[in-house]
Amino acid sequence: ALRSSGESQEVAIQNFVSELHPDEARAIGMAAMSRHFGTDFAEEFQKMDKDKSGTLSRAEFKRYIAKVLPQYQESDSERPSNRQLMLFAVNSAIPFVVFGSLDNSIMLLGGDVVDDLIGSTFHLSTLACAALANTFADVLGISIGNTVEALTVKLGLPEAHLTPAQAETKLVRRLGLASGSFGILIGCIIGMTPLLFMDQEKKAWKEAFGRVDTEGTGALDVHCLRKVFAAVGIHDVDKVRLTAVIQELGILKDGRVTLKDFLDSAPQLKAALGGGGGGGGGSG
């Protein structure tokens, strides 16, 4: 009956559907969708119909398509080969390795620079200087992000050549997240290399000075300097001897020694006061 009068099948179907009652057309549509998706589409329709109006608005239909389309794309897409997954993981990790190493190394090196140039002037704590250095490192890392990606492309590593459907699968997305996390972990470890070349003794003196300088003035008197020496393991420093040494070095100004002068003279002070043993009986 559908093909009578020489009508094409498509036109005949349209005419047939147009003559159906809306409830009949809906029932046929539900049956067709249920068969296509392999599920009871009447239940799916109820989930889509958020306002229970019996019809789907454009917004409701778009939300449903956005939800189910990736699932069917994933089921229809071919699983990437192990080689593709390996190349994708490597290409995803390398930019994060570079970023992590730059971020950590800049923070470590910049922390000392900020401390010397800004921290001593504004009497900032070591943590505050490190936070400022980390801010500079993050801003710089974002600024050179495109450059880093361009350089990694120039390394000549083969691409994974994933299809758009493959790139949207859960496997690939999770692999990208794991590769990026692993890459930035390795990069941050590499970025700790400057610690091997930093003056750890000077850092210890600086931290001890900061712990004693509770008011953050950036300068201490002789009595407080004895506490600094005690904090680094040099106990019972003679006050008279310490005063004589810092006067001889010319770093005692208005009865106090600044952090910069103290750090510059720390090796001479340590040698003059006997290194790790202290310099005589401690007078009050």
# chains A, B, ... in the order shown; residues from 1 in each chain; ligands from 1
>>> residues_around(residues="region 253-269 of chain A", least_positions_apart="5", cutoff="6 Å", atoms="only C-alpha atoms", output="list in words")
Gly218, Ala219, Leu220 and Asp221 of chain A
>>> write_last_selection(atoms="all heavy atoms", output="PDB file, in the first residue's frame")
ATOM      1  N   GLY A 218      65.140  42.627  60.629  1.00  0.00           N
ATOM      2  CA  GLY A 218      66.268  42.431  59.733  1.00  0.00           C
ATOM      3  C   GLY A 218      67.606  42.743  60.368  1.00  0.00           C
ATOM      4  O   GLY A 218      68.624  42.796  59.674  1.00  0.00           O
ATOM      5  N   ALA A 219      67.630  42.946  61.687  1.00  0.00           N
ATOM      6  CA  ALA A 219      68.882  43.239  62.393  1.00  0.00           C
ATOM      7  C   ALA A 219      68.760  42.720  63.824  1.00  0.00           C
ATOM      8  O   ALA A 219      67.683  42.738  64.417  1.00  0.00           O
ATOM      9  CB  ALA A 219      69.166  44.737  62.393  1.00  0.00           C
ATOM     10  N   LEU A 220      69.900  42.252  64.378  1.00  0.00           N
ATOM     11  CA  LEU A 220      69.920  41.695  65.729  1.00  0.00           C
ATOM     12  C   LEU A 220      71.107  42.259  66.508  1.00  0.00           C
ATOM     13  O   LEU A 220      72.141  42.595  65.942  1.00  0.00           O
ATOM     14  CB  LEU A 220      70.030  40.159  65.674  1.00  0.00           C
ATOM     15  CG  LEU A 220      68.873  39.396  65.024  1.00  0.00           C
ATOM     16  CD1 LEU A 220      69.223  37.925  64.921  1.00  0.00           C
ATOM     17  CD2 LEU A 220      67.586  39.589  65.815  1.00  0.00           C
ATOM     18  N   ASP A 221      70.913  42.322  67.847  1.00  0.00           N
ATOM     19  CA  ASP A 221      72.031  42.743  68.689  1.00  0.00           C
ATOM     20  C   ASP A 221      72.898  41.533  69.024  1.00  0.00           C
ATOM     21  O   ASP A 221      72.610  40.401  68.626  1.00  0.00           O
ATOM     22  CB  ASP A 221      71.514  43.437  69.951  1.00  0.00           C
ATOM     23  CG  ASP A 221      70.577  42.540  70.766  1.00  0.00           C
ATOM     24  OD1 ASP A 221      70.647  41.308  70.603  1.00  0.00           O
ATOM     25  OD2 ASP A 221      69.771  43.072  71.556  1.00  0.00           O
TER      26      ASP A 221
END
>>> select_by_dssp(residues="region 192-256 of chain A", states="helix (DSSP H, G or I)", output="JSON, numbers by chain")
{"A": [193, 194, 195, 196, 197, 200, 201, 202, 203, 204, 205, 206, 207, 208, 209, 210, 211, 212, 222, 223, 224, 225, 226, 227, 228, 229, 230, 231, 239, 240, 241, 242, 243, 244, 245, 246, 247, 248, 249]}
>>> residues_around(residues="region 41-57 of chain A", least_positions_apart="6", cutoff="12 Å", atoms="only C-alpha atoms", output="mmCIF file with N, CA, C and O atoms, in the first residue's frame")
data_model
loop_
_atom_site.group_PDB
_atom_site.id
_atom_site.type_symbol
_atom_site.label_atom_id
_atom_site.label_comp_id
_atom_site.auth_asym_id
_atom_site.auth_seq_id
_atom_site.Cartn_x
_atom_site.Cartn_y
_atom_site.Cartn_z
ATOM 1 N N PRO A 22 -1.269 11.424 16.444
ATOM 2 C CA PRO A 22 -0.013 11.726 17.145
ATOM 3 C C PRO A 22 0.429 10.632 18.097
ATOM 4 O O PRO A 22 1.634 10.332 18.196
ATOM 5 N N ASP A 23 -0.516 9.997 18.786
ATOM 6 C CA ASP A 23 -0.141 8.920 19.708
ATOM 7 C C ASP A 23 0.410 7.719 18.952
ATOM 8 O O ASP A 23 1.356 7.055 19.398
ATOM 9 N N ARG A 26 3.886 8.598 17.709
ATOM 10 C CA ARG A 26 4.837 8.532 18.817
ATOM 11 C C ARG A 26 5.188 7.087 19.152
ATOM 12 O O ARG A 26 6.345 6.758 19.411
ATOM 13 N N ALA A 27 4.194 6.206 19.137
ATOM 14 C CA ALA A 27 4.442 4.800 19.452
ATOM 15 C C ALA A 27 5.391 4.177 18.442
ATOM 16 O O ALA A 27 6.304 3.421 18.801
ATOM 17 N N ILE A 28 5.201 4.509 17.145
ATOM 18 C CA ILE A 28 6.102 3.978 16.115
ATOM 19 C C ILE A 28 7.511 4.538 16.299
ATOM 20 O O ILE A 28 8.511 3.815 16.186
ATOM 21 N N GLY A 29 7.574 5.841 16.611
ATOM 22 C CA GLY A 29 8.891 6.452 16.832
ATOM 23 C C GLY A 29 9.610 5.839 18.021
ATOM 24 O O GLY A 29 10.826 5.570 17.969
ATOM 25 N N MET A 30 8.864 5.587 19.103
ATOM 26 C CA MET A 30 9.455 4.969 20.290
ATOM 27 C C MET A 30 9.966 3.565 19.977
ATOM 28 O O MET A 30 11.053 3.162 20.403
ATOM 29 N N ALA A 31 9.181 2.827 19.197
ATOM 30 C CA ALA A 31 9.588 1.467 18.847
ATOM 31 C C ALA A 31 10.852 1.486 17.996
ATOM 32 O O ALA A 31 11.760 0.666 18.188
ATOM 33 N N ALA A 32 10.903 2.418 17.046
ATOM 34 C CA ALA A 32 12.087 2.509 16.187
ATOM 35 C C ALA A 32 13.324 2.891 16.987
ATOM 36 O O ALA A 32 14.408 2.316 16.802
ATOM 37 N N MET A 33 13.196 3.862 17.881
ATOM 38 C CA MET A 33 14.332 4.299 18.695
ATOM 39 C C MET A 33 14.765 3.200 19.651
ATOM 40 O O MET A 33 15.969 2.991 19.875
ATOM 41 N N SER A 34 13.791 2.472 20.224
ATOM 42 C CA SER A 34 14.129 1.381 21.139
ATOM 43 C C SER A 34 14.910 0.298 20.418
ATOM 44 O O SER A 34 15.880 -0.254 20.945
ATOM 45 N N ARG A 35 14.499 0.001 19.183
ATOM 46 C CA ARG A 35 15.201 -1.031 18.418
ATOM 47 C C ARG A 35 16.605 -0.564 18.029
ATOM 48 O O ARG A 35 17.563 -1.337 18.059
ATOM 49 N N ARG A 63 20.594 18.564 25.670
ATOM 50 C CA ARG A 63 21.223 17.979 26.856
ATOM 51 C C ARG A 63 21.338 16.468 26.717
ATOM 52 O O ARG A 63 22.343 15.866 27.083
ATOM 53 N N TYR A 64 20.301 15.858 26.180
ATOM 54 C CA TYR A 64 20.321 14.398 26.023
ATOM 55 C C TYR A 64 21.388 13.978 25.001
ATOM 56 O O TYR A 64 22.152 13.038 25.242
ATOM 57 N N ILE A 65 21.431 14.683 23.871
ATOM 58 C CA ILE A 65 22.424 14.351 22.835
ATOM 59 C C ILE A 65 23.834 14.531 23.367
ATOM 60 O O ILE A 65 24.721 13.695 23.128
ATOM 61 N N ALA A 66 24.064 15.613 24.116
ATOM 62 C CA ALA A 66 25.397 15.855 24.678
ATOM 63 C C ALA A 66 25.793 14.763 25.671
ATOM 64 O O ALA A 66 26.972 14.470 25.843
ATOM 65 N N LYS A 67 24.805 14.141 26.296
ATOM 66 C CA LYS A 67 25.083 13.101 27.286
ATOM 67 C C LYS A 67 25.360 11.749 26.632
ATOM 68 O O LYS A 67 26.319 11.045 27.006
ATOM 69 N N VAL A 68 24.543 11.365 25.655
ATOM 70 C CA VAL A 68 24.638 10.008 25.115
ATOM 71 C C VAL A 68 25.566 9.901 23.911
ATOM 72 O O VAL A 68 26.106 8.823 23.641
#
>>> closest_residue(among="A:Arg83, A:Lys270, A:Arg241, A:His235", to="Pro158 (chain A)", atoms="only C-alpha atoms")
A:Arg83
>>> residues_around(residues="Leu242 (chain A)", least_positions_apart="3", cutoff="9 Å", atoms="only C-alpha atoms", output="ChimeraX atom specification")
/A:222,225-226,237-239,245-247,269,272-273,279
>>> closest_residue(among="A:Gln84, A:Gln9, A:Ser92, A:Asn15", to="Ala178 (chain A)", atoms="only C-alpha atoms")
A:Ser92
>>> atom_distance(atom1="CA of Asp103 (chain A)", atom2="CA of Ala137 (chain A)")
5.2 Å
>>> residues_around(residues="Pro80 (chain A)", least_positions_apart="6", cutoff="12 Å", atoms="only C-alpha atoms", output="PDB file with C-alpha atoms, in the first residue's frame")
ATOM      1  CA  GLU A  74      33.240   5.583  22.157  1.00  0.00           C
ATOM      2  CA  MET A  86      52.494   5.054  23.904  1.00  0.00           C
ATOM      3  CA  LEU A  87      53.120   7.953  21.507  1.00  0.00           C
ATOM      4  CA  PHE A  88      50.160   9.846  22.921  1.00  0.00           C
ATOM      5  CA  ALA A 160      49.762   9.211  17.705  1.00  0.00           C
ATOM      6  CA  HIS A 161      47.332  10.123  14.870  1.00  0.00           C
ATOM      7  CA  LEU A 162      44.236   9.465  16.935  1.00  0.00           C
ATOM      8  CA  THR A 163      40.853  10.044  15.373  1.00  0.00           C
ATOM      9  CA  PRO A 164      38.558  12.596  17.049  1.00  0.00           C
ATOM     10  CA  ALA A 165      36.403   9.735  18.297  1.00  0.00           C
ATOM     11  CA  GLN A 166      39.422   7.920  19.755  1.00  0.00           C
ATOM     12  CA  ALA A 167      40.646  11.121  21.428  1.00  0.00           C
ATOM     13  CA  GLU A 168      37.322  11.410  23.260  1.00  0.00           C
ATOM     14  CA  THR A 169      37.355   7.903  24.690  1.00  0.00           C
ATOM     15  CA  LYS A 170      37.762   7.426  28.431  1.00  0.00           C
ATOM     16  CA  LEU A 171      40.941   5.407  27.922  1.00  0.00           C
ATOM     17  CA  VAL A 172      42.701   8.177  26.017  1.00  0.00           C
ATOM     18  CA  LEU A 175      45.935   8.280  29.816  1.00  0.00           C
TER      19      LEU A 175
END
>>> closest_residue(among="A:Leu127, A:Val98, A:Val17, A:Val113", to="Asn146 (chain A)", atoms="only C-alpha atoms")
A:Val98
>>> closest_residue(among="A:Ala128, A:Leu140, A:Leu151, A:Leu117", to="Pro95 (chain A)", atoms="only C-alpha atoms")
A:Leu151
>>> atom_distance(atom1="CA of Lys203 (chain A)", atom2="CA of Ile118 (chain A)")
16.3 Å
>>> atom_distance(atom1="CA of Thr193 (chain A)", atom2="CA of Phe96 (chain A)")
16.8 Å
>>> residues_around(residues="Val232 (chain A)", least_positions_apart="3", cutoff="9 Å", atoms="only C-alpha atoms", output="number ranges by chain")
A: 204-205, 208, 227-229, 235, 276
>>> closest_residue(among="A:Val240, A:Ile251, A:Ala230, A:Ala133", to="Met107 (chain A)", atoms="only C-alpha atoms")
A:Ala133
>>> decode(residues="region 194-233 of chain A", atoms="C-alpha atoms", output="PDB file, in the first residue's frame")
ATOM      1  CA  PRO A 194      69.743  23.678  41.799  1.00  0.00           C
ATOM      2  CA  LEU A 195      69.638  22.413  45.393  1.00  0.00           C
ATOM      3  CA  LEU A 196      72.850  20.494  44.634  1.00  0.00           C
ATOM      4  CA  PHE A 197      74.675  23.757  43.926  1.00  0.00           C
ATOM      5  CA  MET A 198      73.133  26.017  46.566  1.00  0.00           C
ATOM      6  CA  ASP A 199      75.009  27.062  49.704  1.00  0.00           C
ATOM      7  CA  GLN A 200      73.126  25.058  52.293  1.00  0.00           C
ATOM      8  CA  GLU A 201      75.219  26.439  55.165  1.00  0.00           C
ATOM      9  CA  LYS A 202      74.306  30.007  54.228  1.00  0.00           C
ATOM     10  CA  LYS A 203      70.675  28.974  54.043  1.00  0.00           C
ATOM     11  CA  ALA A 204      70.921  27.457  57.536  1.00  0.00           C
ATOM     12  CA  TRP A 205      72.428  30.707  58.887  1.00  0.00           C
ATOM     13  CA  LYS A 206      69.657  32.667  57.237  1.00  0.00           C
ATOM     14  CA  GLU A 207      66.883  30.479  58.629  1.00  0.00           C
ATOM     15  CA  ALA A 208      68.416  30.637  62.124  1.00  0.00           C
ATOM     16  CA  PHE A 209      68.623  34.432  61.897  1.00  0.00           C
ATOM     17  CA  GLY A 210      64.988  34.572  60.828  1.00  0.00           C
ATOM     18  CA  ARG A 211      63.844  32.383  63.712  1.00  0.00           C
ATOM     19  CA  VAL A 212      65.550  34.642  66.233  1.00  0.00           C
ATOM     20  CA  ASP A 213      64.427  37.835  64.514  1.00  0.00           C
ATOM     21  CA  THR A 214      60.819  37.344  65.569  1.00  0.00           C
ATOM     22  CA  GLU A 215      59.937  41.014  65.002  1.00  0.00           C
ATOM     23  CA  GLY A 216      61.230  40.906  61.415  1.00  0.00           C
ATOM     24  CA  THR A 217      63.472  43.962  61.782  1.00  0.00           C
ATOM     25  CA  GLY A 218      66.268  42.431  59.733  1.00  0.00           C
ATOM     26  CA  ALA A 219      68.882  43.239  62.393  1.00  0.00           C
ATOM     27  CA  LEU A 220      69.920  41.695  65.729  1.00  0.00           C
ATOM     28  CA  ASP A 221      72.031  42.743  68.689  1.00  0.00           C
ATOM     29  CA  VAL A 222      74.933  40.734  70.069  1.00  0.00           C
ATOM     30  CA  HIS A 223      72.804  38.935  72.652  1.00  0.00           C
ATOM     31  CA  CYS A 224      70.403  37.689  69.950  1.00  0.00           C
ATOM     32  CA  LEU A 225      73.286  36.740  67.674  1.00  0.00           C
ATOM     33  CA  ARG A 226      74.423  34.272  70.323  1.00  0.00           C
ATOM     34  CA  LYS A 227      71.015  32.596  69.943  1.00  0.00           C
ATOM     35  CA  VAL A 228      71.577  32.422  66.184  1.00  0.00           C
ATOM     36  CA  PHE A 229      74.873  30.597  66.724  1.00  0.00           C
ATOM     37  CA  ALA A 230      73.190  28.249  69.181  1.00  0.00           C
ATOM     38  CA  ALA A 231      70.470  27.494  66.610  1.00  0.00           C
ATOM     39  CA  VAL A 232      73.100  26.218  64.161  1.00  0.00           C
ATOM     40  CA  GLY A 233      74.897  24.163  66.795  1.00  0.00           C
TER      41      GLY A 233
END
